[in-house]
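Shown next: model_20.cif, given as mmCIF, C-alpha atoms.
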data_entry
#
loop_
_atom_site.group_PDB
_atom_site.id
_atom_site.type_symbol
_atom_site.label_atom_id
_atom_site.label_comp_id
_atom_site.auth_asym_id
_atom_site.auth_seq_id
_atom_site.Cartn_x
_atom_site.Cartn_y
_atom_site.Cartn_z
ATOM 1 C CA MET A 1 -30.002 48.711 40.330
ATOM 2 C CA LYS A 2 -27.828 51.184 38.415
ATOM 3 C CA LYS A 3 -25.218 48.490 37.852
ATOM 4 C CA PHE A 4 -27.870 46.120 36.548
ATOM 5 C CA LEU A 5 -29.251 48.751 34.117
ATOM 6 C CA ALA A 6 -25.719 49.501 32.916
ATOM 7 C CA PHE A 7 -25.135 45.797 32.301
ATOM 8 C CA ILE A 8 -28.374 45.557 30.293
ATOM 9 C CA LEU A 9 -27.390 48.625 28.231
ATOM 10 C CA VAL A 10 -23.914 47.302 27.417
ATOM 11 C CA THR A 11 -25.347 43.900 26.530
ATOM 12 C CA PHE A 12 -27.886 45.525 24.211
ATOM 13 C CA ILE A 13 -25.214 47.601 22.474
ATOM 14 C CA PHE A 14 -22.948 44.650 21.788
ATOM 15 C CA THR A 15 -25.714 42.289 20.716
ATOM 16 C CA SER A 16 -27.487 44.788 18.493
ATOM 17 C CA CYS A 17 -24.370 45.822 16.595
ATOM 18 C CA GLN A 18 -23.405 42.426 15.262
ATOM 19 C CA ASP A 19 -23.368 42.404 11.481
ATOM 20 C CA VAL A 20 -22.601 39.432 9.283
ATOM 21 C CA VAL A 21 -19.535 40.248 7.173
ATOM 22 C CA GLN A 22 -19.286 38.387 3.901
ATOM 23 C CA ILE A 23 -15.666 38.063 2.845
ATOM 24 C CA LYS A 24 -15.259 37.910 -0.904
ATOM 25 C CA LEU A 25 -11.936 36.622 -2.162
ATOM 26 C CA ASP A 26 -10.677 37.485 -5.616
ATOM 27 C CA LYS A 27 -10.504 34.479 -7.900
ATOM 28 C CA GLY A 28 -6.946 33.777 -8.873
ATOM 29 C CA SER A 29 -5.824 32.203 -12.110
ATOM 30 C CA LYS A 30 -6.082 28.432 -12.235
ATOM 31 C CA LEU A 31 -2.851 26.503 -11.936
ATOM 32 C CA LEU A 32 -2.059 23.053 -13.294
ATOM 33 C CA VAL A 33 -1.482 20.506 -10.512
ATOM 34 C CA ILE A 34 0.656 17.452 -11.314
ATOM 35 C CA ASP A 35 0.526 14.626 -8.755
ATOM 36 C CA ALA A 36 3.093 12.099 -9.967
ATOM 37 C CA PHE A 37 4.265 9.669 -7.288
ATOM 38 C CA ILE A 38 5.552 6.609 -9.143
ATOM 39 C CA SER A 39 7.064 3.475 -7.632
ATOM 40 C CA ASN A 40 8.544 0.115 -8.576
ATOM 41 C CA LEU A 41 5.503 -1.701 -7.173
ATOM 42 C CA ARG A 42 4.102 -4.207 -9.653
ATOM 43 C CA THR A 43 0.730 -2.483 -9.847
ATOM 44 C CA THR A 44 -0.961 0.016 -12.136
ATOM 45 C CA GLN A 45 0.904 3.328 -11.909
ATOM 46 C CA LYS A 46 -1.119 6.547 -11.871
ATOM 47 C CA ILE A 47 -0.422 10.236 -12.426
ATOM 48 C CA ARG A 48 -3.183 12.735 -11.692
ATOM 49 C CA LEU A 49 -3.698 16.131 -13.318
ATOM 50 C CA THR A 50 -6.091 18.726 -11.934
ATOM 51 C CA TYR A 51 -6.617 22.467 -11.754
ATOM 52 C CA THR A 52 -6.447 24.459 -8.553
ATOM 53 C CA ASP A 53 -9.869 25.516 -7.251
ATOM 54 C CA ASP A 54 -11.311 28.426 -5.279
ATOM 55 C CA TYR A 55 -10.402 28.574 -1.589
ATOM 56 C CA PHE A 56 -13.954 28.052 -0.333
ATOM 57 C CA SER A 57 -14.888 25.415 -2.903
ATOM 58 C CA ASN A 58 -16.391 22.280 -1.398
ATOM 59 C CA GLN A 59 -15.875 20.228 -4.540
ATOM 60 C CA ASN A 60 -13.030 18.072 -5.788
ATOM 61 C CA PRO A 61 -10.457 19.956 -7.897
ATOM 62 C CA PRO A 62 -11.459 20.110 -11.599
ATOM 63 C CA PRO A 63 -9.746 17.299 -13.558
ATOM 64 C CA VAL A 64 -7.483 17.998 -16.515
ATOM 65 C CA THR A 65 -8.156 15.805 -19.538
ATOM 66 C CA GLY A 66 -6.678 15.660 -23.004
ATOM 67 C CA ALA A 67 -3.053 15.913 -21.917
ATOM 68 C CA SER A 68 -0.123 13.782 -23.041
ATOM 69 C CA VAL A 69 1.741 12.165 -20.126
ATOM 70 C CA ILE A 70 5.020 10.374 -20.802
ATOM 71 C CA LEU A 71 7.622 8.885 -18.450
ATOM 72 C CA ARG A 72 11.078 8.448 -19.959
ATOM 73 C CA ASP A 73 13.724 6.140 -18.535
ATOM 74 C CA LEU A 74 16.763 8.147 -19.565
ATOM 75 C CA THR A 75 19.113 5.366 -18.483
ATOM 76 C CA ASN A 76 17.571 2.654 -20.684
ATOM 77 C CA ASN A 77 16.004 4.979 -23.259
ATOM 78 C CA VAL A 78 12.557 3.446 -22.669
ATOM 79 C CA VAL A 79 9.301 5.415 -22.963
ATOM 80 C CA TYR A 80 6.138 4.728 -20.954
ATOM 81 C CA ASN A 81 2.928 6.333 -22.210
ATOM 82 C CA PHE A 82 0.233 6.955 -19.578
ATOM 83 C CA ALA A 83 -3.328 6.601 -20.884
ATOM 84 C CA ASP A 84 -5.891 9.353 -20.306
ATOM 85 C CA GLN A 85 -8.874 8.022 -18.303
ATOM 86 C CA ASN A 86 -10.901 11.214 -18.960
ATOM 87 C CA ASN A 87 -11.229 11.926 -15.228
ATOM 88 C CA GLY A 88 -7.862 13.510 -14.456
ATOM 89 C CA ASP A 89 -6.133 10.125 -14.020
ATOM 90 C CA TYR A 90 -3.431 8.963 -16.417
ATOM 91 C CA VAL A 91 -2.439 5.330 -15.932
ATOM 92 C CA PHE A 92 0.142 2.827 -17.106
ATOM 93 C CA ASN A 93 -0.813 -0.842 -16.860
ATOM 94 C CA LEU A 94 2.068 -3.266 -16.485
ATOM 95 C CA VAL A 95 2.169 -6.173 -18.908
ATOM 96 C CA ALA A 96 2.701 -8.716 -16.123
ATOM 97 C CA PHE A 97 2.733 -8.742 -12.335
ATOM 98 C CA THR A 98 6.458 -9.490 -12.493
ATOM 99 C CA ASP A 99 7.122 -6.316 -14.486
ATOM 100 C CA THR A 100 8.069 -2.845 -13.241
ATOM 101 C CA LEU A 101 8.900 0.483 -14.813
ATOM 102 C CA ALA A 102 11.199 1.738 -12.039
ATOM 103 C CA TYR A 103 14.758 0.557 -11.435
ATOM 104 C CA VAL A 104 17.278 1.572 -8.792
ATOM 105 C CA GLY A 105 19.883 4.014 -10.069
ATOM 106 C CA HIS A 106 17.955 4.944 -13.192
ATOM 107 C CA THR A 107 17.116 8.541 -14.095
ATOM 108 C CA TYR A 108 13.550 9.393 -15.145
ATOM 109 C CA LYS A 109 12.025 12.363 -16.902
ATOM 110 C CA LEU A 110 8.343 13.227 -16.683
ATOM 111 C CA GLU A 111 6.858 15.035 -19.680
ATOM 112 C CA VAL A 112 3.339 16.467 -19.506
ATOM 113 C CA THR A 113 2.110 18.226 -22.633
ATOM 114 C CA PHE A 114 -1.057 20.275 -22.226
ATOM 115 C CA GLY A 115 -2.390 23.320 -24.048
ATOM 116 C CA GLY A 116 0.610 23.302 -26.360
ATOM 117 C CA ASN A 117 3.017 23.570 -23.408
ATOM 118 C CA LEU A 118 5.547 21.020 -22.158
ATOM 119 C CA TYR A 119 6.023 20.594 -18.390
ATOM 120 C CA THR A 120 9.001 18.521 -17.245
ATOM 121 C CA SER A 121 10.756 17.129 -14.182
ATOM 122 C CA ILE A 122 13.754 14.800 -13.709
ATOM 123 C CA VAL A 123 14.473 12.518 -10.722
ATOM 124 C CA ASP A 124 16.585 9.462 -9.855
ATOM 125 C CA GLU A 125 15.334 6.288 -8.175
ATOM 126 C CA LYS A 126 16.994 5.575 -4.844
ATOM 127 C CA ARG A 127 17.999 2.256 -3.244
ATOM 128 C CA PRO A 128 15.401 0.504 -1.059
ATOM 129 C CA ALA A 129 15.431 -0.285 2.645
ATOM 130 C CA LYS A 130 14.930 -3.839 3.891
ATOM 131 C CA LEU A 131 11.638 -4.465 5.692
ATOM 132 C CA ASP A 132 12.098 -7.424 8.032
ATOM 133 C CA SER A 133 8.717 -7.754 9.749
ATOM 134 C CA ILE A 134 5.924 -6.132 11.747
ATOM 135 C CA SER A 135 5.369 -7.208 15.321
ATOM 136 C CA ALA A 136 2.206 -6.780 17.394
ATOM 137 C CA THR A 137 2.093 -6.752 21.183
ATOM 138 C CA TYR A 138 -1.042 -6.716 23.341
ATOM 139 C CA HIS A 139 -1.334 -4.110 26.118
ATOM 140 C CA ASP A 140 -4.212 -3.909 28.586
ATOM 141 C CA GLY A 141 -4.302 -0.102 28.636
ATOM 142 C CA SER A 142 -2.832 0.339 32.095
ATOM 143 C CA SER A 143 0.407 1.969 30.891
ATOM 144 C CA ILE A 144 0.807 5.663 30.043
ATOM 145 C CA PHE A 145 2.766 4.537 26.980
ATOM 146 C CA ALA A 146 -0.082 2.230 25.876
ATOM 147 C CA PRO A 147 -3.252 3.908 27.190
ATOM 148 C CA LYS A 148 -5.688 1.833 25.123
ATOM 149 C CA ALA A 149 -6.314 -1.890 25.371
ATOM 150 C CA GLY A 150 -5.360 -3.659 22.169
ATOM 151 C CA TYR A 151 -2.468 -4.664 19.923
ATOM 152 C CA TYR A 152 0.304 -2.158 19.190
ATOM 153 C CA CYS A 153 2.345 -2.600 16.011
ATOM 154 C CA ILE A 154 6.073 -1.999 15.606
ATOM 155 C CA LEU A 155 7.991 -1.880 12.319
ATOM 156 C CA TRP A 156 11.249 -3.812 12.048
ATOM 157 C CA ALA A 157 13.366 -2.641 9.127
ATOM 158 C CA ARG A 158 16.997 -2.047 8.210
ATOM 159 C CA ASP A 159 18.602 1.032 6.717
ATOM 160 C CA LEU A 160 21.317 0.436 4.168
ATOM 161 C CA PRO A 161 24.835 1.325 5.354
ATOM 162 C CA GLY A 162 26.998 3.608 3.317
ATOM 163 C CA PRO A 163 28.346 7.116 2.919
ATOM 164 C CA ILE A 164 25.089 8.625 1.622
ATOM 165 C CA SER A 165 21.958 9.449 3.598
ATOM 166 C CA ASP A 166 18.765 7.561 2.782
ATOM 167 C CA TYR A 167 15.346 9.243 2.959
ATOM 168 C CA TYR A 168 12.169 7.279 3.600
ATOM 169 C CA TRP A 169 8.413 7.810 3.495
ATOM 170 C CA ILE A 170 6.764 5.076 5.571
ATOM 171 C CA ARG A 171 3.193 4.581 4.326
ATOM 172 C CA SER A 172 0.833 2.330 6.233
ATOM 173 C CA SER A 173 -2.761 1.140 6.259
ATOM 174 C CA LYS A 174 -5.179 -0.536 8.639
ATOM 175 C CA ASN A 175 -7.578 -3.144 7.252
ATOM 176 C CA GLY A 176 -6.831 -1.928 3.730
ATOM 177 C CA THR A 177 -7.549 1.745 4.473
ATOM 178 C CA PRO A 178 -4.418 3.879 4.022
ATOM 179 C CA TYR A 179 -3.470 6.658 6.398
ATOM 180 C CA SER A 180 -3.453 9.572 3.976
ATOM 181 C CA LEU A 181 -3.788 12.749 6.042
ATOM 182 C CA ALA A 182 -0.859 15.162 6.122
ATOM 183 C CA SER A 183 -0.681 14.719 9.897
ATOM 184 C CA GLU A 184 -0.183 10.975 9.342
ATOM 185 C CA ILE A 185 2.874 11.301 7.081
ATOM 186 C CA ASN A 186 5.693 9.251 8.620
ATOM 187 C CA LEU A 187 9.183 10.242 7.478
ATOM 188 C CA ALA A 188 12.665 9.063 8.383
ATOM 189 C CA ILE A 189 16.285 9.773 7.506
ATOM 190 C CA ASP A 190 18.668 6.825 7.747
ATOM 191 C CA GLY A 191 16.029 4.908 9.663
ATOM 192 C CA THR A 192 15.459 7.554 12.330
ATOM 193 C CA GLY A 193 12.644 10.039 12.758
ATOM 194 C CA GLY A 194 15.024 12.979 12.898
ATOM 195 C CA SER A 195 15.003 16.029 10.673
ATOM 196 C CA VAL A 196 18.702 15.926 9.748
ATOM 197 C CA PRO A 197 20.929 13.135 8.451
ATOM 198 C CA SER A 198 22.589 11.023 11.113
ATOM 199 C CA ALA A 199 24.900 8.057 11.322
ATOM 200 C CA ASP A 200 23.549 4.885 9.763
ATOM 201 C CA THR A 201 21.393 3.158 12.360
ATOM 202 C CA LEU A 202 21.042 -0.181 10.547
ATOM 203 C CA LEU A 203 17.826 -0.914 12.455
ATOM 204 C CA PHE A 204 15.032 1.646 12.091
ATOM 205 C CA THR A 205 14.389 3.428 15.395
ATOM 206 C CA PRO A 206 11.553 5.353 17.095
ATOM 207 C CA PRO A 207 9.569 7.382 16.405
ATOM 208 C CA ALA A 208 9.425 6.039 12.846
ATOM 209 C CA ILE A 209 8.811 2.412 13.852
ATOM 210 C CA ASN A 210 5.927 3.003 16.280
ATOM 211 C CA GLN A 211 4.027 5.539 14.153
ATOM 212 C CA ILE A 212 2.885 3.089 11.500
ATOM 213 C CA ILE A 213 -0.496 3.121 13.262
ATOM 214 C CA PRO A 214 -0.902 6.841 14.034
ATOM 215 C CA ARG A 215 -2.881 8.650 16.708
ATOM 216 C CA ARG A 216 -2.217 5.843 19.172
ATOM 217 C CA GLU A 217 -4.769 3.589 17.516
ATOM 218 C CA VAL A 218 -4.780 -0.072 18.393
ATOM 219 C CA LEU A 219 -5.620 -3.245 16.514
ATOM 220 C CA ALA A 220 -7.968 -6.063 17.516
ATOM 221 C CA LEU A 221 -8.063 -9.732 16.603
ATOM 222 C CA GLY A 222 -8.600 -10.115 12.860
ATOM 223 C CA ASP A 223 -7.269 -6.635 11.995
ATOM 224 C CA THR A 224 -4.442 -6.175 9.509
ATOM 225 C CA CYS A 225 -1.598 -3.687 9.279
ATOM 226 C CA ALA A 226 0.320 -3.151 6.030
ATOM 227 C CA VAL A 227 3.446 -1.038 5.580
ATOM 228 C CA GLU A 228 5.331 0.289 2.549
ATOM 229 C CA ILE A 229 8.758 1.913 2.960
ATOM 230 C CA HIS A 230 9.230 4.274 0.022
ATOM 231 C CA SER A 231 12.856 5.235 -0.627
ATOM 232 C CA ILE A 232 12.659 8.824 -1.836
ATOM 233 C CA ASN A 233 15.188 11.514 -2.642
ATOM 234 C CA LYS A 234 16.150 14.377 -0.344
ATOM 235 C CA GLU A 235 14.030 16.907 -2.224
ATOM 236 C CA THR A 236 10.871 14.785 -1.888
ATOM 237 C CA TYR A 237 11.562 14.327 1.830
ATOM 238 C CA PHE A 238 11.649 18.077 2.437
ATOM 239 C CA PHE A 239 8.640 18.628 0.159
ATOM 240 C CA LEU A 240 6.620 16.281 2.383
ATOM 241 C CA THR A 241 8.052 17.976 5.483
ATOM 242 C CA GLN A 242 6.789 21.306 4.181
ATOM 243 C CA VAL A 243 3.361 19.791 3.523
ATOM 244 C CA ILE A 244 3.227 18.664 7.164
ATOM 245 C CA ASN A 245 4.334 22.073 8.445
ATOM 246 C CA GLN A 246 1.913 24.070 6.319
ATOM 247 C CA THR A 247 -1.144 21.938 7.079
ATOM 248 C CA SER A 248 -0.462 22.119 10.826
ATOM 249 C CA ASN A 249 0.505 25.801 10.786
ATOM 250 C CA SER A 250 -2.112 27.294 13.108
ATOM 251 C CA GLY A 251 -2.589 28.589 16.606
ATOM 252 C CA LEU A 252 -0.929 31.355 18.590
ATOM 253 C CA PHE A 253 2.582 30.688 17.294
ATOM 254 C CA ALA A 254 1.698 30.074 13.638
ATOM 255 C CA THR A 255 4.194 31.339 11.090
ATOM 256 C CA THR A 256 3.469 33.141 7.839
ATOM 257 C CA PRO A 257 2.083 30.650 5.285
ATOM 258 C CA GLU A 258 4.282 29.950 2.294
ATOM 259 C CA ASN A 259 3.789 28.344 -1.087
ATOM 260 C CA VAL A 260 4.589 24.649 -1.085
ATOM 261 C CA ARG A 261 7.547 23.989 -3.355
ATOM 262 C CA THR A 262 7.355 22.160 -6.680
ATOM 263 C CA ASN A 263 9.884 20.342 -8.853
ATOM 264 C CA ILE A 264 7.777 20.739 -12.009
ATOM 265 C CA ILE A 265 9.381 23.065 -14.571
ATOM 266 C CA SER A 266 6.863 25.246 -16.417
ATOM 267 C CA PRO A 267 7.678 26.812 -19.796
ATOM 268 C CA GLU A 268 7.911 30.586 -19.881
ATOM 269 C CA GLY A 269 4.570 32.291 -20.480
ATOM 270 C CA ALA A 270 2.530 29.140 -19.857
ATOM 271 C CA THR A 271 0.052 28.418 -17.102
ATOM 272 C CA LYS A 272 2.193 27.655 -14.061
ATOM 273 C CA ALA A 273 2.275 24.058 -12.858
ATOM 274 C CA ILE A 274 2.606 23.019 -9.234
ATOM 275 C CA GLY A 275 2.754 19.592 -7.627
ATOM 276 C CA TRP A 276 5.510 17.019 -7.376
ATOM 277 C CA PHE A 277 7.202 14.197 -9.276
ATOM 278 C CA SER A 278 8.792 11.343 -7.332
ATOM 279 C CA ILE A 279 9.843 7.823 -8.161
ATOM 280 C CA ALA A 280 10.527 5.390 -5.319
ATOM 281 C CA SER A 281 11.788 1.933 -4.536
ATOM 282 C CA VAL A 282 9.362 0.258 -2.141
ATOM 283 C CA SER A 283 9.730 -2.475 0.468
ATOM 284 C CA VAL A 284 6.458 -3.997 1.688
ATOM 285 C CA GLY A 285 5.267 -6.007 4.666
ATOM 286 C CA GLY A 286 2.101 -6.846 6.570
ATOM 287 C CA LYS A 287 0.694 -8.323 9.751
ATOM 288 C CA ARG A 288 -2.642 -9.934 10.673
ATOM 289 C CA ILE A 289 -3.595 -10.083 14.321
ATOM 290 C CA LYS A 290 -4.566 -13.634 15.243
#
How does this structure look as structure tokens?
Amino acid sequence: MKKFLAFILVTFIFTSCQDVVQIKLDKGSKLLVIDAFISNLRTTQKIRLTYTDDYFSNQNPPPVTGASVILRDLTNNVVYNFADQNNGDYVFNLVAFTDTLAYVGHTYKLEVTFGGNLYTSIVDEKRPAKLDSISATYHDGSSIFAPKAGYYCILWARDLPGPISDYYWIRSSKNGTPYSLASEINLAIDGTGGSVPSADTLLFTPPAINQIIPRREVLALGDTCAVEIHSINKETYFFLTQVINQTSNSGLFATTPENVRTNIISPEGATKAIGWFSIASVSVGGKRIK
């Protein structure tokens, strides 16, 4: 009986002393975010400008309007003006579907003028990989390597040989819906999924080729899989690697969070800009299950 009364007393103490603690975070200064991933795809190119928002905000980041956004081809001395859409998007519409504003080997400078300040970044466009095809094989779900019944897709692509390392961001979609989570970013160096440069593999190898449909998803009859291999520079590769690491940095062995790097140069005394500027050569391919 005494043990039971002691248990009731301890339970009462711990349940009656629970207070709701409201954590109030100081509001930091807003930063300018520049999201500028350009490619040689013959589609409308978009650069997005926003402000950073409060940590606990459940809304989309506030858009930045009224800026001047210019892309300069320093190799050809050509200027591309991106039009303000008044929602944070700045777009450049190609004259024809056969046109492009990105060329291999050219050097590009991004210039964003806002609030009387000029933010800049300079990158080169890298050579593209060759995307051969996408294959799909049906598995009945009886294998530990294919635990779900359905069609599994594999990417067949070739890395370019040569003395320099090539860095790739393999972007894919299922039925027109892109995989856009940080955990779904698929990166490769010289066609492999490794984290350091290796010998040229010519053919892309696992895990890069079998992660185009992430989370072990499968396709059914009538589904489509589309893949884009973006040839990026080394700095963009490690920027995306840091994004992956920071968004998955949790649990018992989590490391101290760190600011994600930026290649945007902010003028002295101006509101700091973060974000990234990249320009890529893209190889595309697709597969319909039938």
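Neighbouring residues of A:Pro63 at 6 Å or closer, counting only C-alpha atoms and skipping chain neighbours under 3 positions away, are Thr50, Asn87 and Gly88 of chain A.
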Excluding A:Ser266 and any residue of its chain fewer than 6 positions from it, enumerate the residues within 10 Å of it, using only C-alpha atoms, and give them as number ranges by chain.
A: 32, 112, 117-121, 272-274
Using only C-alpha atoms, the shortest atom-to-atom distance to A:Phe239 among A:Thr224, A:Gln211, A:Thr52, A:Ser278 belongs to A:Ser278
Skipping near chain neighbours, those fewer than 5 positions away, what residues fall within 7 Å of stretch 154-164 of chain A using all atoms listed in the file, listed as a PyMOL selection string?
chain A and resi 129-136+190-191+200-204+209-210
Any chance you can output those residues with C-alpha atoms as a compact mmCIF listing (two decimals), in the frame of the given file?
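Produced file selection.txt, reproduced below:
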# COMPACT_ATOMS: atom_id res chain seq x y z
CA ALA A 129 15.43 -0.28 2.64
CA LYS A 130 14.93 -3.84 3.89
CA LEU A 131 11.64 -4.46 5.69
CA ASP A 132 12.10 -7.42 8.03
CA SER A 133 8.72 -7.75 9.75
CA ILE A 134 5.92 -6.13 11.75
CA SER A 135 5.37 -7.21 15.32
CA ALA A 136 2.21 -6.78 17.39
CA ASP A 190 18.67 6.82 7.75
CA GLY A 191 16.03 4.91 9.66
CA ASP A 200 23.55 4.88 9.76
CA THR A 201 21.39 3.16 12.36
CA LEU A 202 21.04 -0.18 10.55
CA LEU A 203 17.83 -0.91 12.46
CA PHE A 204 15.03 1.65 12.09
CA ILE A 209 8.81 2.41 13.85
CA ASN A 210 5.93 3.00 16.28
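When only C-alpha atoms are used to compute distances to A:Glu228, the closest of the residues A:Leu187, A:Val104, A:Ala149, A:Ala182 turns out to be A:Leu187.
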Measuring atom to atom with all atoms listed in the file, identify which of A:Asn263, A:Gly275, A:Leu240, A:Ile144 is nearest to A:Asn186.
A:Leu240
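Residue nearest A:Gln246 within the list A:Val218, A:Val79, A:Ser183, A:Ser281: A:Ser183 [criterion: smallest interatomic distance, only C-alpha atoms].
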Report the distance between atom CA of A:Tyr151 and atom CA of A:Ile229 in Å, rounded to one decimal place.
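Answer for the atom CA of A:Tyr151 to atom CA of A:Ile229 separation: 21.4 Å.
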Expected selection from the PyMOL selection byres ((chain A and resi 234) around 10), given as a list in words
Lys126, Ser165, Asp166, Tyr167, Tyr168, Ile189, Ser231, Ile232, Asn233, Glu235, Thr236, Tyr237, Phe238 and Phe239 of chain A
When you draw a straight line from atom CA of A:Pro61 to atom CA of A:Pro214, how long is it in Å?
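Separating atom CA of A:Pro61 from atom CA of A:Pro214 is a distance of 27.3 Å.
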